[in-house]
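See below for input10.txt, which holds compact mmCIF, C-alpha atoms (C1' of nucleotides).
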# COMPACT_ATOMS: atom_id res chain seq x y z
CA MET Z 1 79.93 18.97 -118.86
CA GLY Z 2 77.08 21.17 -120.05
CA VAL Z 3 73.63 20.06 -121.09
CA LYS Z 4 74.46 20.55 -124.71
CA ASP Z 5 77.59 18.43 -124.47
CA SER Z 6 75.72 15.56 -122.87
CA LEU Z 7 73.00 15.74 -125.50
CA ARG Z 8 75.60 15.68 -128.23
CA ASN Z 9 77.31 12.73 -126.58
CA LYS Z 10 74.02 10.89 -126.23
CA LEU Z 11 73.18 11.41 -129.88
CA LEU Z 12 76.62 10.19 -130.88
CA ARG Z 13 76.36 7.16 -128.58
CA ILE Z 14 73.06 6.16 -130.17
CA TYR Z 15 74.57 6.69 -133.60
CA ASN Z 16 77.50 4.42 -132.77
CA LEU Z 17 75.22 1.75 -131.32
CA LEU Z 18 73.20 1.69 -134.53
CA LEU Z 19 76.26 1.84 -136.78
CA VAL Z 20 78.09 -1.00 -135.03
CA HIS Z 21 74.98 -3.15 -134.90
CA PHE Z 22 73.62 -2.62 -138.40
CA GLY Z 23 76.70 -1.56 -140.29
CA PRO Z 24 76.82 1.25 -142.88
CA ARG Z 25 73.59 1.44 -144.87
CA GLY Z 26 75.17 2.73 -148.07
CA TRP Z 27 72.54 5.36 -148.70
CA TRP Z 28 71.11 6.66 -150.93
CA PRO Z 29 70.40 3.60 -153.08
CA GLY Z 30 70.78 5.12 -156.53
CA ASN Z 31 73.38 5.46 -159.25
CA SER Z 32 73.18 9.16 -160.00
CA PRO Z 33 72.07 12.44 -158.43
CA LEU Z 34 69.06 12.54 -160.73
CA GLU Z 35 68.03 9.01 -159.78
CA ILE Z 36 68.27 10.00 -156.12
CA MET Z 37 66.16 13.10 -156.68
CA VAL Z 38 63.48 11.20 -158.56
CA GLY Z 39 63.59 8.47 -155.93
CA ALA Z 40 63.10 11.06 -153.21
CA ILE Z 41 59.83 12.11 -154.86
CA LEU Z 42 58.68 8.58 -155.62
CA THR Z 43 59.27 7.32 -152.08
CA GLN Z 44 56.89 9.81 -150.48
CA ASN Z 45 54.75 7.75 -148.11
CA THR Z 46 55.68 4.66 -150.10
CA ASN Z 47 57.55 1.41 -149.56
CA TRP Z 48 60.99 1.57 -151.18
CA VAL Z 49 60.50 -1.77 -152.93
CA ASN Z 50 57.69 -0.23 -154.95
CA VAL Z 51 59.87 2.76 -155.77
CA GLU Z 52 62.56 0.46 -157.15
CA LYS Z 53 60.06 -1.00 -159.56
CA ALA Z 54 59.10 2.42 -160.83
CA ILE Z 55 62.76 3.42 -161.23
CA ALA Z 56 63.50 0.17 -163.06
CA ASN Z 57 60.65 0.97 -165.46
CA LEU Z 58 62.11 4.40 -166.17
CA GLN Z 59 65.57 2.91 -166.72
CA SER Z 60 64.26 0.24 -169.06
CA GLU Z 61 62.82 3.00 -171.25
CA ASN Z 62 66.04 5.00 -171.02
CA LEU Z 63 64.14 7.90 -169.52
CA LEU Z 64 66.12 8.50 -166.36
CA SER Z 65 67.70 11.70 -167.60
CA ILE Z 66 66.75 15.37 -167.48
CA ASN Z 67 66.04 15.30 -171.18
CA GLY Z 68 64.10 12.04 -171.01
CA LEU Z 69 61.92 13.05 -168.11
CA THR Z 70 61.33 16.47 -169.62
CA LYS Z 71 60.14 15.13 -172.94
CA VAL Z 72 58.23 12.00 -171.93
CA SER Z 73 54.47 12.34 -172.11
CA GLN Z 74 52.52 12.66 -168.88
CA LYS Z 75 50.58 9.55 -169.80
CA LYS Z 76 53.65 7.41 -170.33
CA LEU Z 77 55.38 8.75 -167.23
CA THR Z 78 52.30 7.95 -165.16
CA SER Z 79 52.14 4.39 -166.45
CA LEU Z 80 55.84 3.77 -165.78
CA ILE Z 81 55.78 4.97 -162.19
CA ARG Z 82 52.49 3.24 -161.39
CA PRO Z 83 54.02 0.69 -158.97
CA SER Z 84 55.13 3.50 -156.63
CA GLY Z 85 51.55 4.52 -155.90
CA TYR Z 86 50.06 8.04 -156.06
CA PHE Z 87 51.17 7.88 -159.69
CA ASN Z 88 49.06 10.77 -160.95
CA GLN Z 89 50.34 13.07 -158.24
CA LYS Z 90 53.93 11.93 -158.57
CA ALA Z 91 53.99 12.29 -162.35
CA LYS Z 92 53.00 15.94 -161.88
CA LYS Z 93 55.64 16.36 -159.20
CA ILE Z 94 58.39 14.93 -161.39
CA ARG Z 95 57.24 17.15 -164.22
CA ALA Z 96 57.23 20.20 -161.97
CA PHE Z 97 60.72 19.34 -160.74
CA MET Z 98 62.03 19.03 -164.30
CA ASP Z 99 60.49 22.39 -165.18
CA PHE Z 100 62.30 23.81 -162.17
CA VAL Z 101 65.68 22.30 -163.10
CA ASN Z 102 65.34 23.51 -166.67
CA ALA Z 103 64.15 27.00 -165.79
CA GLU Z 104 66.51 27.71 -162.89
CA PHE Z 105 69.62 25.75 -163.84
CA GLY Z 106 69.49 25.27 -167.59
CA GLY Z 107 68.73 21.60 -167.12
CA LYS Z 108 72.08 20.94 -165.46
CA LEU Z 109 72.31 19.54 -161.95
CA ASP Z 110 75.91 20.76 -161.70
CA ASN Z 111 74.59 24.30 -161.69
CA MET Z 112 72.22 23.35 -158.89
CA ALA Z 113 75.01 21.92 -156.75
CA GLY Z 114 76.83 25.24 -156.73
CA VAL Z 115 74.02 27.13 -155.01
CA GLU Z 116 74.28 27.96 -151.31
CA THR Z 117 72.39 25.40 -149.24
CA GLN Z 118 69.65 27.45 -147.58
CA SER Z 119 68.99 29.43 -150.73
CA LEU Z 120 68.64 26.22 -152.71
CA ARG Z 121 66.44 24.70 -150.01
CA GLY Z 122 64.09 27.65 -150.32
CA LYS Z 123 63.93 27.22 -154.08
CA LEU Z 124 63.23 23.50 -153.78
CA LEU Z 125 60.41 24.14 -151.32
CA GLY Z 126 58.87 26.40 -153.94
CA VAL Z 127 58.40 23.45 -156.27
CA LYS Z 128 54.95 21.92 -156.01
CA GLY Z 129 55.24 18.47 -154.52
CA ILE Z 130 58.56 19.00 -152.78
CA GLY Z 131 58.18 19.44 -149.06
CA GLU Z 132 60.79 19.66 -146.33
CA GLU Z 133 61.76 16.01 -146.16
CA THR Z 134 62.01 15.60 -149.91
CA ALA Z 135 63.99 18.84 -150.26
CA ASP Z 136 66.40 17.79 -147.54
CA SER Z 137 66.80 14.30 -148.99
CA ILE Z 138 67.73 15.87 -152.31
CA LEU Z 139 70.16 18.28 -150.65
CA LEU Z 140 71.85 15.64 -148.50
CA TYR Z 141 71.83 12.54 -150.63
CA ALA Z 142 72.00 13.91 -154.16
CA LEU Z 143 74.00 17.09 -153.60
CA ASP Z 144 76.08 16.32 -150.49
CA LYS Z 145 74.77 19.32 -148.55
CA PRO Z 146 74.89 19.06 -144.73
CA VAL Z 147 71.20 19.04 -143.77
CA PHE Z 148 69.66 16.53 -141.38
CA VAL Z 149 66.64 14.72 -142.82
CA ILE Z 150 63.61 14.25 -140.57
CA ASP Z 151 61.02 11.62 -141.35
CA ALA Z 152 58.31 9.62 -139.61
CA TYR Z 153 60.84 7.12 -138.27
CA THR Z 154 62.98 9.87 -136.79
CA ARG Z 155 59.95 11.28 -134.99
CA ARG Z 156 58.84 7.93 -133.63
CA VAL Z 157 62.23 6.60 -132.59
CA PHE Z 158 63.39 9.74 -130.79
CA HIS Z 159 60.00 10.32 -129.27
CA ARG Z 160 60.21 6.82 -127.78
CA LEU Z 161 63.67 7.62 -126.53
CA GLY Z 162 62.07 10.56 -124.77
CA MET Z 163 64.38 13.03 -126.46
CA VAL Z 164 61.88 14.97 -128.58
CA ASN Z 165 58.19 15.69 -128.84
CA GLY Z 166 57.10 13.70 -131.87
CA LYS Z 167 54.52 16.34 -132.75
CA ASP Z 168 57.00 19.17 -133.01
CA PRO Z 169 57.25 20.87 -136.40
CA TYR Z 170 59.84 19.61 -138.88
CA GLY Z 171 62.16 22.53 -138.29
CA VAL Z 172 62.23 21.99 -134.54
CA LEU Z 173 63.18 18.33 -134.95
CA GLN Z 174 65.81 19.23 -137.52
CA GLY Z 175 67.21 21.89 -135.23
CA PHE Z 176 67.45 19.39 -132.40
CA PHE Z 177 69.86 17.27 -134.44
CA MET Z 178 71.74 20.01 -136.22
CA ASP Z 179 72.26 22.13 -133.10
CA ASN Z 180 73.66 19.17 -131.21
CA LEU Z 181 75.68 17.37 -133.86
CA PRO Z 182 78.66 18.53 -135.89
CA LEU Z 183 77.76 19.83 -139.35
CA ASN Z 184 78.88 16.79 -141.32
CA VAL Z 185 77.46 15.32 -144.52
CA ASP Z 186 78.68 11.78 -143.90
CA LEU Z 187 77.34 11.75 -140.36
CA TYR Z 188 73.92 13.06 -141.40
CA ASN Z 189 73.80 10.64 -144.30
CA GLU Z 190 74.52 7.57 -142.22
CA TYR Z 191 72.53 8.63 -139.16
CA HIS Z 192 69.29 9.11 -141.02
CA ALA Z 193 69.75 5.86 -142.93
CA LEU Z 194 70.36 4.02 -139.67
CA ILE Z 195 67.28 5.56 -138.04
CA VAL Z 196 65.12 4.37 -140.92
CA HIS Z 197 66.61 0.90 -140.68
CA GLN Z 198 66.07 0.87 -136.92
CA GLY Z 199 62.49 2.01 -137.35
CA LYS Z 200 61.77 -0.74 -139.86
CA THR Z 201 63.34 -3.61 -137.97
CA VAL Z 202 63.52 -2.96 -134.25
CA CYS Z 203 61.12 -3.06 -131.31
CA GLN Z 204 58.55 -0.28 -131.63
CA ARG Z 205 57.28 0.00 -128.08
CA ILE Z 206 57.24 2.91 -125.68
CA PRO Z 207 59.34 3.64 -123.80
CA LEU Z 208 62.47 2.92 -125.70
CA CYS Z 209 65.70 3.39 -123.83
CA GLU Z 210 69.22 3.78 -125.04
CA SER Z 211 70.13 0.29 -123.88
CA CYS Z 212 67.25 -1.34 -125.76
CA VAL Z 213 67.44 0.72 -128.93
CA LEU Z 214 68.53 -2.48 -130.67
CA GLU Z 215 65.95 -4.89 -129.24
CA THR Z 216 64.12 -6.99 -131.77
CA GLU Z 217 61.82 -9.07 -129.57
CA CYS Z 218 58.72 -6.93 -129.74
CA ALA Z 219 55.96 -6.85 -132.31
CA LYS Z 220 53.91 -3.94 -131.07
CA ARG Z 221 54.02 -0.92 -133.31
CA ILE Z 222 52.86 2.40 -132.04
C1' DG U 1 41.31 -8.54 -146.04
C1' DG U 2 43.10 -4.74 -143.32
C1' DC U 3 47.21 -2.26 -142.45
C1' DC U 4 51.20 0.19 -143.64
C1' DA U 5 54.98 2.22 -146.32
C1' DG U 6 61.71 6.67 -146.11
C1' DG U 7 54.85 12.90 -147.60
C1' DA U 8 52.68 16.83 -149.56
C1' DC U 9 48.94 19.68 -150.19
C1' DA U 10 44.26 21.63 -150.24
C1' DC U 11 40.74 22.95 -147.38
C1' DC U 12 38.66 24.07 -143.14
C1' DA U 13 37.80 26.32 -138.64
C1' DT V 1 48.65 26.52 -136.75
C1' DG V 2 46.32 22.55 -136.25
C1' DG V 3 43.29 18.81 -137.68
C1' DT V 4 41.40 16.08 -141.59
C1' DG V 5 40.71 14.15 -146.29
C1' DT V 6 43.01 12.80 -150.54
C1' DC V 7 46.19 10.55 -153.35
C1' DA V 8 47.16 4.50 -154.69
C1' DT V 9 50.19 0.44 -155.35
C1' DG V 10 52.04 -3.86 -153.49
C1' DG V 11 53.68 -6.91 -149.65
C1' DC V 12 52.49 -9.19 -145.63
Transcribe the structure of this file into structure tokens.
Amino acid sequence: MGVKDSLRNKLLRIYNLLLVHFGPRGWWPGNSPLEIMVGAILTQNTNWVNVEKAIANLQSENLLSINGLTKVSQKKLTSLIRPSGYFNQKAKKIRAFMDFVNAEFGGKLDNMAGVETQSLRGKLLGVKGIGEETADSILLYALDKPVFVIDAYTRRVFHRLGMVNGKDPYGVLQGFFMDNLPLNVDLYNEYHALIVHQGKTVCQRIPLCESCVLETECAKRI
DNA sequence: GGCCAGGACACCA
DNA sequence: TGGTGTCATGGC
């Protein structure tokens, strides 16, 4: 068995450990592609509970649509998403994203879904306020594109496992997973969701080994 | 009352 | 390209 095969097997073993222990996470929590996209922006460096409040505010005003978010005033948008934090920044980001959807795809997400993945990724990264993680979350969770999402939990958990350097650039981390795992939307979806859940709930000490990836008796967070 | 949460970006050397 | 400051609410 080659090095690559063993790495692939190790990644799949960890995935199965997490999946069996926690069960499917049912990501992304959201009822429509647009809601997922907006949620991806609102959750930047923010607790998801706060994001849910902001989304509920938008829904209560019937504004969770391309048209609604395009026409709503900056002031009102800012006040509605206030619970998610960074509300001034995020209101601009949502506005910039709507401008992008309208200009590039005639305001229709269906047109967006038809674009080749890497080309679309490049376009998304050109929108102010959308970085690599947000772009990939949109691609994977809203548009069913096979891209592996890297976030702070992924860095920490796999650094503790001794499998990656947590300081490596985003693309290096993403390559580590995508070069060693089959290109599969459902796998990437569930794996990332499980990593986040693991990071939130499980022992955060170093080192973390495969056999204790599910331990809960440890309070120390690195 | 401090710390952290499913980041991104401007600015600096 | 790498480090640092900024943005900000809400739960614990």
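Excluding segment 7-12 of chain V itself and same-chain residues fewer than 6 positions from it, the residues having an atom within 10 Å of it are Thr46, Asn47, Val49, Asn50, Val51, Ile81, Arg82, Pro83, Ser84, Gly85, Tyr86, Phe87, Asn88, Gln89 and Lys90 of chain Z; DC3, DC4, DA5 and DA8 of chain U, counting only C-alpha atoms (C1' of nucleotides).
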* **Within 7 Å of chain U: residues of chain Z, using only C-alpha atoms (C1' of nucleotides), as a PyMOL selection string** => chain Z and resi 43-47+129+131+151+196
Hey, can you spit out that residue selection with C-alpha atoms as a PDB file, in the frame of the given file?
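The resulting file, selection16.pdb, is shown below:
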ATOM      1  CA  THR Z  43      59.270   7.320-152.080  1.00  0.00           C
ATOM      2  CA  GLN Z  44      56.890   9.810-150.480  1.00  0.00           C
ATOM      3  CA  ASN Z  45      54.750   7.750-148.110  1.00  0.00           C
ATOM      4  CA  THR Z  46      55.680   4.660-150.100  1.00  0.00           C
ATOM      5  CA  ASN Z  47      57.550   1.410-149.560  1.00  0.00           C
ATOM      6  CA  GLY Z 129      55.240  18.470-154.520  1.00  0.00           C
ATOM      7  CA  GLY Z 131      58.180  19.440-149.060  1.00  0.00           C
ATOM      8  CA  ASP Z 151      61.020  11.620-141.350  1.00  0.00           C
ATOM      9  CA  VAL Z 196      65.120   4.370-140.920  1.00  0.00           C
TER      10      VAL Z 196
END
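Proximity to chain V was assessed for Z:Ile41, Z:Leu12, Z:Ala54, Z:Ala152 counting all atoms listed in the file; the smallest distance is recorded for Z:Ala54.
For Leu181 of chain Z, the list of residues within 10 Å, based on only C-alpha atoms (C1' of nucleotides) and with local chain neighbours fewer than 4 positions off taken out, reads Lys4, Asp5, Leu7, Arg8, Asn9, Leu11, Leu12, Phe148, Gly175, Phe176, Phe177, Leu187 and Tyr188 of chain Z.
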Print the selection's residues with C-alpha atoms to a file, as a PDB file, keeping the file's coordinate frame.
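As a result, result_23.pdb now contains:
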ATOM      1  CA  LYS Z   4      74.460  20.550-124.710  1.00  0.00           C
ATOM      2  CA  ASP Z   5      77.590  18.430-124.470  1.00  0.00           C
ATOM      3  CA  LEU Z   7      73.000  15.740-125.500  1.00  0.00           C
ATOM      4  CA  ARG Z   8      75.600  15.680-128.230  1.00  0.00           C
ATOM      5  CA  ASN Z   9      77.310  12.730-126.580  1.00  0.00           C
ATOM      6  CA  LEU Z  11      73.180  11.410-129.880  1.00  0.00           C
ATOM      7  CA  LEU Z  12      76.620  10.190-130.880  1.00  0.00           C
ATOM      8  CA  PHE Z 148      69.660  16.530-141.380  1.00  0.00           C
ATOM      9  CA  GLY Z 175      67.210  21.890-135.230  1.00  0.00           C
ATOM     10  CA  PHE Z 176      67.450  19.390-132.400  1.00  0.00           C
ATOM     11  CA  PHE Z 177      69.860  17.270-134.440  1.00  0.00           C
ATOM     12  CA  LEU Z 187      77.340  11.750-140.360  1.00  0.00           C
ATOM     13  CA  TYR Z 188      73.920  13.060-141.400  1.00  0.00           C
TER      14      TYR Z 188
END
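Atom pair atom CA of Ala135 of chain Z / atom CA of Arg121 of chain Z has a distance of 6.4 Å (rounded to one decimal).
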* Give me the residues within 12 Å of Asn184 of chain Z as a PyMOL selection string, counting only C-alpha atoms (C1' of nucleotides) and dropping any in the same chain fewer than 6 places off. => chain Z and resi 140+144-148+177-178+190-191
* **Straight-line distance linking atom CA of Val3 of chain Z with atom CA of Met163 of chain Z, stated in Å to one decimal** => 12.8 Å
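With atom CA of Ile14 of chain Z on one side and atom CA of Thr134 of chain Z on the other, the separation reads 24.5 Å.
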* Near His197 of chain Z, counting all atoms listed in the file, which residues have an atom at most 9 Å away, once you skip same-chain residues fewer than 3 positions from it, shown as a list in words? -> Phe22, Arg25, Tyr153, His192, Ala193, Leu194, Lys200, Thr201 and Val202 of chain Z
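Distance annotation: of Z:Pro169, Z:Gly68, Z:Gly199, Z:Pro24, the residue with the minimal separation from chain V is Z:Pro169; atom set is all atoms listed in the file.
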* Given the choices Z:Arg156, Z:Asn16, Z:Val38, Z:Trp48, which gets closest to chain V if the distance is worked out from all atoms listed in the file? -> Z:Trp48
* Spatial neighbours of Leu124 of chain Z, max dist 10 Å, all atoms listed in the file, sep filter under 5 positions, as a list in words -> Phe97, Phe100, Val101, Gln118, Ser119, Gly129, Ile130, Gly131, Glu132, Thr134, Ala135, Asp136, Ile138 and Leu139 of chain Z
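Nearest residue to Asp99 of chain Z, choosing from Z:Leu69, Z:Leu42, Z:Val149, Z:Val185 and counting all atoms listed in the file: Z:Leu69.
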